[in-house]
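Asker: This is upload_3.cif (mmCIF, C-alpha atoms).
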data_final
loop_
_atom_site.label_atom_id
_atom_site.label_comp_id
_atom_site.auth_asym_id
_atom_site.auth_seq_id
_atom_site.Cartn_x
_atom_site.Cartn_y
_atom_site.Cartn_z
CA GLY A 1 32.41 -15.92 15.71
CA GLY A 2 35.64 -15.31 17.62
CA GLY A 3 35.87 -14.32 21.26
CA GLY A 4 33.32 -16.87 22.42
CA GLY A 5 35.74 -18.85 24.56
CA GLY A 6 36.42 -16.23 27.22
CA SER A 7 32.87 -15.08 27.82
CA GLY A 8 31.18 -18.31 28.68
CA GLY A 9 31.58 -17.63 32.40
CA SER A 10 29.47 -14.48 32.51
CA GLY A 11 26.66 -16.04 30.51
CA GLY A 12 27.07 -19.66 31.54
CA SER A 13 24.26 -19.68 34.08
CA GLY A 14 20.81 -18.35 33.34
CA GLY A 15 21.93 -15.66 30.92
CA GLN A 16 23.43 -13.31 33.51
CA GLY A 17 24.89 -10.19 31.91
CA LEU A 18 22.85 -10.60 28.72
CA ASP A 19 20.30 -8.28 27.18
CA PRO A 20 17.23 -8.45 29.49
CA ARG A 21 15.06 -9.51 26.54
CA LEU A 22 17.35 -12.46 25.86
CA ALA A 23 17.47 -13.36 29.56
CA THR A 24 13.67 -13.41 29.65
CA LEU A 25 13.52 -15.80 26.70
CA LEU A 26 16.19 -18.01 28.25
CA ALA A 27 14.09 -18.32 31.43
CA GLY A 28 17.06 -19.44 33.50
CA ARG A 29 18.55 -21.76 30.89
CA ALA A 30 22.34 -21.85 30.93
CA VAL A 31 24.01 -20.22 27.94
CA ASP A 32 26.57 -23.00 27.73
CA SER A 33 23.75 -25.48 27.03
CA PHE A 34 23.61 -24.09 23.49
CA PRO A 35 25.97 -25.16 20.67
CA PRO A 36 29.35 -23.44 21.24
CA ASP A 37 29.10 -21.06 18.25
CA PHE A 38 25.58 -19.94 19.20
CA ALA A 39 26.51 -19.59 22.90
CA ALA A 40 29.48 -17.39 21.99
CA ALA A 41 27.25 -15.25 19.76
CA LEU A 42 24.74 -14.87 22.60
CA VAL A 43 27.41 -13.62 24.98
CA ALA A 44 28.87 -11.33 22.32
CA GLY A 45 25.46 -9.71 21.78
CA LYS A 46 25.15 -10.88 18.18
CA VAL A 47 21.91 -12.82 18.67
CA THR A 48 18.68 -10.82 18.56
CA PRO A 49 15.56 -11.79 20.54
CA GLU A 50 13.90 -12.81 17.26
CA ILE A 51 16.72 -15.21 16.40
CA LEU A 52 16.83 -16.65 19.93
CA LYS A 53 13.08 -17.21 19.86
CA ARG A 54 13.43 -18.91 16.47
CA PHE A 55 16.22 -21.12 17.84
CA LEU A 56 14.14 -22.20 20.84
CA GLU A 57 11.07 -22.92 18.70
CA LEU A 58 13.04 -24.97 16.20
CA GLU A 59 14.87 -26.83 18.96
CA SER A 60 11.55 -27.99 20.40
CA ASN A 61 10.10 -28.96 17.01
CA PHE A 62 9.92 -32.75 16.63
CA LEU A 63 11.01 -32.83 12.98
CA ALA A 64 13.74 -30.22 13.45
CA LYS A 65 15.12 -32.26 16.36
CA LEU A 66 15.96 -35.07 13.96
CA VAL A 67 18.60 -32.94 12.22
CA TRP A 68 19.27 -30.25 14.83
CA GLY A 69 22.63 -31.72 15.75
CA ILE A 70 23.90 -31.34 12.17
CA GLN A 71 25.40 -27.87 11.80
CA GLY A 72 24.50 -27.49 8.12
CA PHE A 73 20.84 -28.19 8.83
CA ARG A 74 20.82 -25.96 11.90
CA GLU A 75 22.30 -23.03 9.96
CA ARG A 76 19.74 -23.42 7.18
CA LEU A 77 16.82 -23.71 9.58
CA LEU A 78 17.96 -20.62 11.47
CA GLY A 79 18.39 -18.74 8.20
CA ASP A 80 15.05 -19.96 6.85
CA PRO A 81 12.66 -21.97 9.08
CA SER A 82 10.69 -22.98 5.98
CA PHE A 83 13.71 -24.74 4.47
CA PRO A 84 12.23 -28.26 5.00
CA VAL A 85 9.04 -27.19 3.22
CA LYS A 86 11.06 -25.98 0.25
CA VAL A 87 13.00 -29.25 0.15
CA ALA A 88 9.69 -31.14 0.16
CA ILE A 89 8.29 -28.90 -2.57
CA GLU A 90 11.37 -29.29 -4.79
CA CYS A 91 11.64 -33.05 -4.32
CA GLY A 92 7.88 -33.49 -4.70
CA ILE A 93 7.87 -31.60 -7.98
CA GLY A 94 10.86 -33.65 -9.14
CA VAL A 95 9.23 -36.98 -8.31
CA VAL A 96 5.87 -36.13 -9.90
CA THR A 97 7.39 -34.71 -13.09
CA LYS A 98 9.88 -37.57 -13.32
CA VAL A 99 7.19 -40.24 -12.94
CA THR A 100 5.02 -38.43 -15.50
CA ALA A 101 7.88 -38.27 -17.99
CA GLU A 102 8.85 -41.91 -17.37
CA LYS A 103 5.26 -43.01 -17.87
CA ALA A 104 5.02 -41.08 -21.14
CA LYS A 105 8.37 -42.44 -22.35
CA ARG A 106 7.94 -46.09 -21.37
CA ALA A 107 4.16 -46.32 -21.96
CA ASP A 108 3.06 -49.97 -21.59
CA ASN A 109 6.55 -50.98 -20.39
CA PHE A 110 6.35 -48.69 -17.35
CA TRP A 111 5.70 -51.42 -14.77
CA ALA A 112 7.89 -53.94 -16.52
CA GLU A 113 10.78 -51.48 -16.24
CA ILE A 114 9.92 -50.16 -12.79
CA ASP A 115 13.49 -50.89 -11.63
CA PHE A 116 14.84 -48.33 -14.11
CA VAL A 117 12.11 -45.88 -13.12
CA GLY A 118 12.95 -46.30 -9.45
CA ALA A 119 16.67 -45.70 -10.04
CA ASN A 120 15.92 -42.50 -11.97
CA ILE A 121 13.55 -41.26 -9.27
CA VAL A 122 16.11 -41.84 -6.51
CA MET A 123 18.70 -39.85 -8.47
CA ALA A 124 16.14 -37.10 -9.08
CA ILE A 125 15.43 -36.81 -5.35
CA ILE A 126 19.14 -36.60 -4.51
CA ALA A 127 19.77 -33.94 -7.14
CA ASP A 128 16.69 -31.88 -6.22
CA PHE A 129 17.77 -31.96 -2.59
CA MET A 130 21.24 -30.65 -3.49
CA LEU A 131 19.72 -27.96 -5.71
CA THR A 132 17.79 -26.75 -2.66
CA TRP A 133 20.54 -27.29 -0.09
CA ILE A 134 23.49 -25.55 -1.77
CA PRO A 135 21.91 -22.11 -2.50
CA ALA A 136 19.76 -21.98 0.67
CA PRO A 137 20.28 -18.82 2.80
CA THR A 138 21.96 -19.64 6.13
CA LEU A 139 22.63 -18.07 9.50
CA SER A 140 25.96 -19.14 10.96
CA TYR A 141 27.87 -17.80 13.94
CA ALA A 142 30.65 -20.37 13.61
CA ALA A 143 34.14 -19.01 13.08
CA ARG A 144 35.40 -19.72 9.58
CA LYS A 145 38.31 -22.12 9.39
CA LYS A 146 41.47 -20.33 8.37
CA SER A 147 43.61 -21.66 5.56
CA THR A 148 47.05 -20.83 4.29
CA SER A 149 45.42 -20.11 0.93
CA ALA A 150 44.03 -16.60 0.45
CA ILE A 151 41.64 -17.93 -2.19
CA ALA A 152 40.25 -20.58 0.19
CA ASN A 153 39.81 -17.95 2.91
CA PHE A 154 37.97 -15.69 0.50
CA PHE A 155 35.50 -18.36 -0.60
CA ALA A 156 35.00 -19.43 3.04
CA SER A 157 33.88 -15.88 3.81
CA CYS A 158 31.26 -15.84 1.03
CA PRO A 159 27.55 -16.29 1.82
CA ASP A 160 25.79 -19.51 0.88
CA ASN A 161 23.43 -17.50 -1.32
CA ALA A 162 24.70 -14.52 -3.30
CA PHE A 163 21.48 -12.59 -2.73
CA GLN A 164 20.61 -13.53 0.86
CA ARG A 165 19.88 -10.92 3.49
CA VAL A 166 22.52 -10.05 6.05
CA GLN A 167 21.36 -11.85 9.18
CA PRO A 168 21.59 -10.27 12.67
CA GLY A 169 25.06 -10.46 14.20
CA VAL A 170 26.71 -11.21 10.87
CA GLU A 171 29.05 -8.79 9.10
CA PRO A 172 27.69 -7.43 5.79
CA PHE A 173 28.94 -9.16 2.67
CA SER A 174 30.87 -7.23 0.07
CA LEU A 175 29.94 -7.27 -3.60
CA GLY A 176 33.01 -9.42 -4.22
CA GLN A 177 31.89 -11.97 -1.62
CA ARG A 178 28.44 -12.17 -3.15
CA PHE A 179 29.94 -12.74 -6.58
CA GLY A 180 32.22 -15.34 -5.00
CA ALA A 181 29.13 -17.21 -3.78
CA ILE A 182 28.03 -17.64 -7.39
CA LEU A 183 31.43 -19.05 -8.37
CA ARG A 184 31.69 -21.33 -5.34
CA ASN A 185 28.18 -22.74 -5.70
CA GLY A 186 28.77 -23.14 -9.41
CA ALA A 187 31.81 -25.30 -8.70
CA LYS A 188 29.80 -27.42 -6.26
CA LEU A 189 26.95 -27.93 -8.73
CA LEU A 190 29.43 -28.77 -11.49
CA GLY A 191 30.56 -31.69 -9.36
CA VAL A 192 27.02 -32.63 -8.33
CA GLY A 193 25.78 -32.67 -11.92
CA PHE A 194 28.73 -34.65 -13.25
CA CYS A 195 28.78 -37.24 -10.44
CA ALA A 196 25.01 -37.66 -10.32
CA SER A 197 24.93 -38.25 -14.05
CA LEU A 198 27.71 -40.83 -13.86
CA LEU A 199 26.00 -42.58 -10.96
CA GLY A 200 22.61 -42.53 -12.67
CA VAL A 201 23.98 -43.99 -15.88
CA GLY A 202 26.00 -46.53 -13.89
CA ILE A 203 22.91 -47.75 -12.05
CA THR A 204 20.96 -47.94 -15.31
CA ASN A 205 23.72 -49.88 -17.04
CA ALA A 206 23.97 -52.30 -14.12
CA LEU A 207 20.21 -52.89 -14.18
CA MET A 208 20.35 -53.45 -17.94
CA GLY A 209 23.11 -56.02 -17.47
CA VAL A 210 21.10 -57.88 -14.85
CA ARG A 211 17.96 -57.74 -16.98
CA GLN A 212 19.76 -59.10 -20.07
CA ALA A 213 21.41 -61.84 -18.00
CA LEU A 214 18.03 -62.98 -16.69
CA ASP A 215 16.24 -62.55 -20.01
CA PRO A 216 18.49 -62.81 -23.10
CA THR A 217 15.58 -61.84 -25.34
CA TRP A 218 15.22 -58.45 -23.64
CA HIS A 219 16.73 -55.42 -25.35
CA SER A 220 16.79 -51.83 -24.14
CA PRO A 221 14.48 -49.52 -26.15
CA ASN A 222 16.82 -46.57 -25.52
CA LYS A 223 19.92 -45.77 -27.50
CA PRO A 224 23.01 -45.59 -25.23
CA GLN A 225 24.36 -42.12 -24.52
CA ASP A 226 27.95 -40.96 -24.39
CA VAL A 227 28.33 -41.11 -20.61
CA ILE A 228 31.27 -38.73 -20.19
CA SER A 229 30.09 -36.01 -22.58
CA THR A 230 26.53 -36.10 -21.25
CA SER A 231 27.75 -35.98 -17.63
CA ALA A 232 30.15 -33.13 -18.38
CA ALA A 233 27.44 -31.22 -20.23
CA TYR A 234 24.99 -31.56 -17.38
CA GLY A 235 27.63 -30.55 -14.85
CA VAL A 236 28.31 -27.36 -16.79
CA TYR A 237 24.58 -26.76 -17.24
CA MET A 238 23.95 -27.07 -13.50
CA SER A 239 26.90 -24.86 -12.61
CA ILE A 240 25.57 -22.04 -14.80
CA SER A 241 21.82 -22.30 -15.40
CA SER A 242 20.68 -24.16 -12.28
CA ASN A 243 23.13 -22.24 -10.10
CA LEU A 244 21.84 -18.82 -11.10
CA ARG A 245 18.16 -19.77 -11.18
CA TYR A 246 18.12 -21.44 -7.78
CA GLN A 247 20.11 -18.65 -6.12
CA VAL A 248 17.70 -16.05 -7.50
CA ILE A 249 14.69 -18.07 -6.38
CA ALA A 250 15.94 -18.67 -2.82
CA GLY A 251 17.62 -15.31 -2.21
CA VAL A 252 15.55 -12.84 -4.23
CA ILE A 253 12.10 -14.21 -5.09
CA GLU A 254 11.48 -16.10 -1.84
CA GLU A 255 13.53 -14.42 0.90
CA ARG A 256 13.43 -10.80 -0.28
CA GLY A 257 10.15 -11.01 -2.17
CA ILE A 258 7.50 -13.50 -1.09
CA GLU A 259 8.55 -13.81 2.55
CA THR A 260 8.93 -10.05 2.97
CA ILE A 261 5.68 -9.02 1.31
CA PHE A 262 3.64 -11.78 2.94
CA LYS A 263 5.51 -12.01 6.25
CA GLY A 264 3.75 -14.22 8.76
CA GLN A 265 1.42 -15.74 6.16
CA HIS A 266 3.26 -19.05 6.01
CA GLN A 267 0.73 -21.06 4.05
CA LEU A 268 0.47 -18.42 1.34
CA CYS A 269 4.27 -18.25 1.15
CA HIS A 270 4.43 -22.01 0.70
CA VAL A 271 1.85 -21.93 -2.09
CA LEU A 272 3.73 -19.16 -3.89
CA SER A 273 7.03 -21.04 -3.47
CA PHE A 274 5.39 -24.10 -4.99
CA ILE A 275 4.24 -22.08 -8.01
CA VAL A 276 7.63 -20.43 -8.49
CA ARG A 277 9.58 -23.67 -8.15
CA THR A 278 7.25 -25.53 -10.49
CA ALA A 279 7.72 -22.81 -13.10
CA ASN A 280 11.48 -22.98 -12.56
CA THR A 281 11.48 -26.75 -13.20
CA PHE A 282 9.60 -26.18 -16.45
CA VAL A 283 12.03 -23.45 -17.54
CA GLY A 284 14.96 -25.67 -16.61
CA SER A 285 13.73 -28.48 -18.87
CA LEU A 286 13.45 -26.09 -21.82
CA LEU A 287 16.87 -24.58 -21.19
CA TRP A 288 18.45 -28.04 -21.06
CA VAL A 289 17.13 -28.82 -24.54
CA ASP A 290 18.48 -25.52 -25.84
CA PHE A 291 21.82 -26.13 -24.12
CA VAL A 292 22.46 -29.55 -25.68
CA ARG A 293 21.49 -28.19 -29.07
CA LEU A 294 23.95 -25.35 -28.59
CA LEU A 295 26.67 -27.92 -27.84
CA GLY A 296 25.75 -29.87 -30.96
CA MET A 297 24.74 -32.95 -28.95
CA GLN A 298 21.34 -32.98 -30.65
CA SER A 299 19.90 -31.74 -33.91
CA ALA A 300 16.82 -29.55 -33.96
CA LYS A 301 14.67 -32.52 -35.01
CA SER A 302 16.14 -35.23 -32.79
CA PRO A 303 15.22 -35.80 -29.16
CA ALA A 304 17.40 -34.27 -26.48
CA PRO A 305 19.40 -36.52 -24.17
CA PRO A 306 17.39 -36.62 -20.95
CA PRO A 307 18.92 -34.68 -18.06
CA PRO A 308 20.52 -37.54 -16.10
CA ALA A 309 17.94 -37.91 -13.33
CA LEU A 310 18.14 -34.28 -12.35
CA GLU A 311 15.91 -31.39 -13.48
CA GLU A 312 14.55 -33.81 -15.92
CA GLU A 313 12.10 -33.72 -18.71
CA PRO A 314 9.23 -32.64 -16.45
CA LYS A 315 6.84 -31.60 -19.06
CA GLY A 316 8.22 -34.24 -21.37
CA LYS A 317 6.61 -32.90 -24.48
CA LYS A 318 9.06 -30.29 -25.60
CA GLY A 319 11.82 -32.77 -26.23
CA LYS A 320 10.01 -36.05 -26.50
CA LYS A 321 11.97 -39.11 -25.76
#
Would you encode the structure as structure tokens?

Answerer:
Amino acid sequence: GGGGGGSGGSGGSGGQGLDPRLATLLAGRAVDSFPPDFAAALVAGKVTPEILKRFLELESNFLAKLVWGIQGFRERLLGDPSFPVKVAIECGIGVVTKVTAEKAKRADNFWAEIDFVGANIVMAIIADFMLTWIPAPTLSYAARKKSTSAIANFFASCPDNAFQRVQPGVEPFSLGQRFGAILRNGAKLLGVGFCASLLGVGITNALMGVRQALDPTWHSPNKPQDVISTSAAYGVYMSISSNLRYQVIAGVIEERGIETIFKGQHQLCHVLSFIVRTANTFVGSLLWVDFVRLLGMQSAKSPAPPPPALEEEPKGKKGKK
């Protein structure tokens, strides 16, 4: 990422001095019209024709344009152009399974309690998005911010996915850096799980208060949960189980498996991703039940506390509510 500042002059106009293949793709476009990190990588010879072509295609895509100015989105789209499809798949699975579980749990009260259902669905979408965003493979040419802490510098040098391929122009990751990605993402998901659970329960409690104020005869059919212990448990669960599963799916099964074997067959890759991610949601629901039983938060015969609006009770029938 470094060294980009002094080379903008030679590549600032029409790609002069660049690899002829890159200059052809640029078609006279000034290098300094690109984001600074990408322009510096172009001049430094880190960008391959394939990556430049991908950049130009994404830049002209209507949907990609909406988020192209956000570096995190741009890095994920460059690392995996099908990232938006995977977000849609994950969130779609979450919404469908959540609605199905809510319908089974609330039965005839489903529409009468649609406010609670809506709050849970919103939290499910947020959580599913984060579960796709955090472990997604990325391609970044931006220089890492230096810190006075050696630990912070180490984690800043780790990939976003422990198993992702080494992208063109990027230095190979060491085994330690890949292991560090698991720890760093685990810490992020610990916070996501804990905060999302707290927020979800807070919204539900607020809605219950409003409902009881408007209708004193109304009583919640659900037994209140211990907010802190449930939130902490789900944070730990996400940092371990969800963290490992989603990194393996994005970095191994999809990037190194499906998208390598069926390269160029985008629709088939999307179908296979849908199947894999649906299976992962099902496995996640079963593991959550086992996890809370291991912690002693539920007996073998009692229902498990529902995952707080996250990888929830999709198949709803293993731990009936």

Asker: Name the residues within 12 Å of (33.2, -29.0, -10.2), counting all atoms listed in the file in the file's coordinates, and put them as a ChimeraX atom specification.

Answerer: /A:183-196,231-240

Asker: Keeping C-alpha atoms, export the residues of the selection given above as a PDB file, in the coordinates of the input.

Answerer:
ATOM      1  CA  LEU A 183      31.430 -19.050  -8.370  1.00  0.00           C
ATOM      2  CA  ARG A 184      31.690 -21.330  -5.340  1.00  0.00           C
ATOM      3  CA  ASN A 185      28.180 -22.740  -5.700  1.00  0.00           C
ATOM      4  CA  GLY A 186      28.770 -23.140  -9.410  1.00  0.00           C
ATOM      5  CA  ALA A 187      31.810 -25.300  -8.700  1.00  0.00           C
ATOM      6  CA  LYS A 188      29.800 -27.420  -6.260  1.00  0.00           C
ATOM      7  CA  LEU A 189      26.950 -27.930  -8.730  1.00  0.00           C
ATOM      8  CA  LEU A 190      29.430 -28.770 -11.490  1.00  0.00           C
ATOM      9  CA  GLY A 191      30.560 -31.690  -9.360  1.00  0.00           C
ATOM     10  CA  VAL A 192      27.020 -32.630  -8.330  1.00  0.00           C
ATOM     11  CA  GLY A 193      25.780 -32.670 -11.920  1.00  0.00           C
ATOM     12  CA  PHE A 194      28.730 -34.650 -13.250  1.00  0.00           C
ATOM     13  CA  CYS A 195      28.780 -37.240 -10.440  1.00  0.00           C
ATOM     14  CA  ALA A 196      25.010 -37.660 -10.320  1.00  0.00           C
ATOM     15  CA  SER A 231      27.750 -35.980 -17.630  1.00  0.00           C
ATOM     16  CA  ALA A 232      30.150 -33.130 -18.380  1.00  0.00           C
ATOM     17  CA  ALA A 233      27.440 -31.220 -20.230  1.00  0.00           C
ATOM     18  CA  TYR A 234      24.990 -31.560 -17.380  1.00  0.00           C
ATOM     19  CA  GLY A 235      27.630 -30.550 -14.850  1.00  0.00           C
ATOM     20  CA  VAL A 236      28.310 -27.360 -16.790  1.00  0.00           C
ATOM     21  CA  TYR A 237      24.580 -26.760 -17.240  1.00  0.00           C
ATOM     22  CA  MET A 238      23.950 -27.070 -13.500  1.00  0.00           C
ATOM     23  CA  SER A 239      26.900 -24.860 -12.610  1.00  0.00           C
ATOM     24  CA  ILE A 240      25.570 -22.040 -14.800  1.00  0.00           C
TER      25      ILE A 240
END

Asker: Can you work out which one of A:Ile182, A:Val47, A:Ala142, A:Ala30 has the shortest atom-to-atom distance to Ser242 in chain A, counting all atoms listed in the file?

Answerer: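 For Ser242 in chain A, the nearest of the given residues is A:Ile182.
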
Asker: Between A:Pro216, A:Pro81, A:Gly284, A:Gly72, which residue has the minimum interatomic distance to Lys53 in chain A, considering only C-alpha atoms?

Answerer: A:Pro81

Asker: Quote the spacing between CA of Glu255 in chain A and CA of Ala136 in chain A in Å to one decimal place.

Answerer: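 Rounded to one decimal, the two atoms are 9.8 Å apart.
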
Asker: Name the residues that the PyMOL selection byres ((chain A and resi 74) around 10) pulls out of this structure, and write them as a list in words.

Answerer: Phe55, Leu58, Glu59, Ala64, Lys65, Val67, Trp68, Gly69, Ile70, Gln71, Gly72, Phe73, Glu75, Arg76, Leu77, Leu78, Gly79, Asp80, Pro81, Thr138, Leu139 and Ser140 of chain A

Asker: Quick one, how far is CA of Ile126 in chain A from CA of Ala88 in chain A?

Answerer: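 Separating CA of Ile126 in chain A from CA of Ala88 in chain A is a distance of 11.9 Å.
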
Asker: Please expand the PyMOL selection byres ((chain A and resi 37) around 9) into the concrete residues it hits in this file, giving the result as an MDAnalysis selection string.

Answerer: chainID A and resid 1:2 4 34:36 38:42 140:143

Asker: Measuring between all atoms listed in the file, which one of A:Pro168, A:Ile125, A:His219, A:Val292 shows the shortest distance to Ile89 in chain A?

Answerer: A:Ile125

Asker: Which residue out of A:Pro137, A:Leu18, A:Ile114, A:Leu268 has the minimum interatomic distance to Gln167 in chain A when all atoms listed in the file are used?

Answerer: A:Pro137

Asker: If you take all atoms listed in the file and a cut-off of 12 Å, which residues of range 204-279 of chain A touch range 175-180 of chain A, and what are their nearest atom pairs and distances in Å to one decimal, in chain and number order, as a tab-separated table?

Answerer:
residue	atom	partner	partner_atom	distance
A:Leu244	CA	A:Phe179	CA	11.1
A:Gln247	CA	A:Arg178	CA	11.0
A:Gly251	CA	A:Arg178	CA	11.3

Asker: Work out how far CA of Phe129 in chain A is from CA of Cys91 in chain A, in Å to one decimal.

Answerer: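 Separation between CA of Cys91 in chain A and CA of Phe129 in chain A: 6.5 Å.
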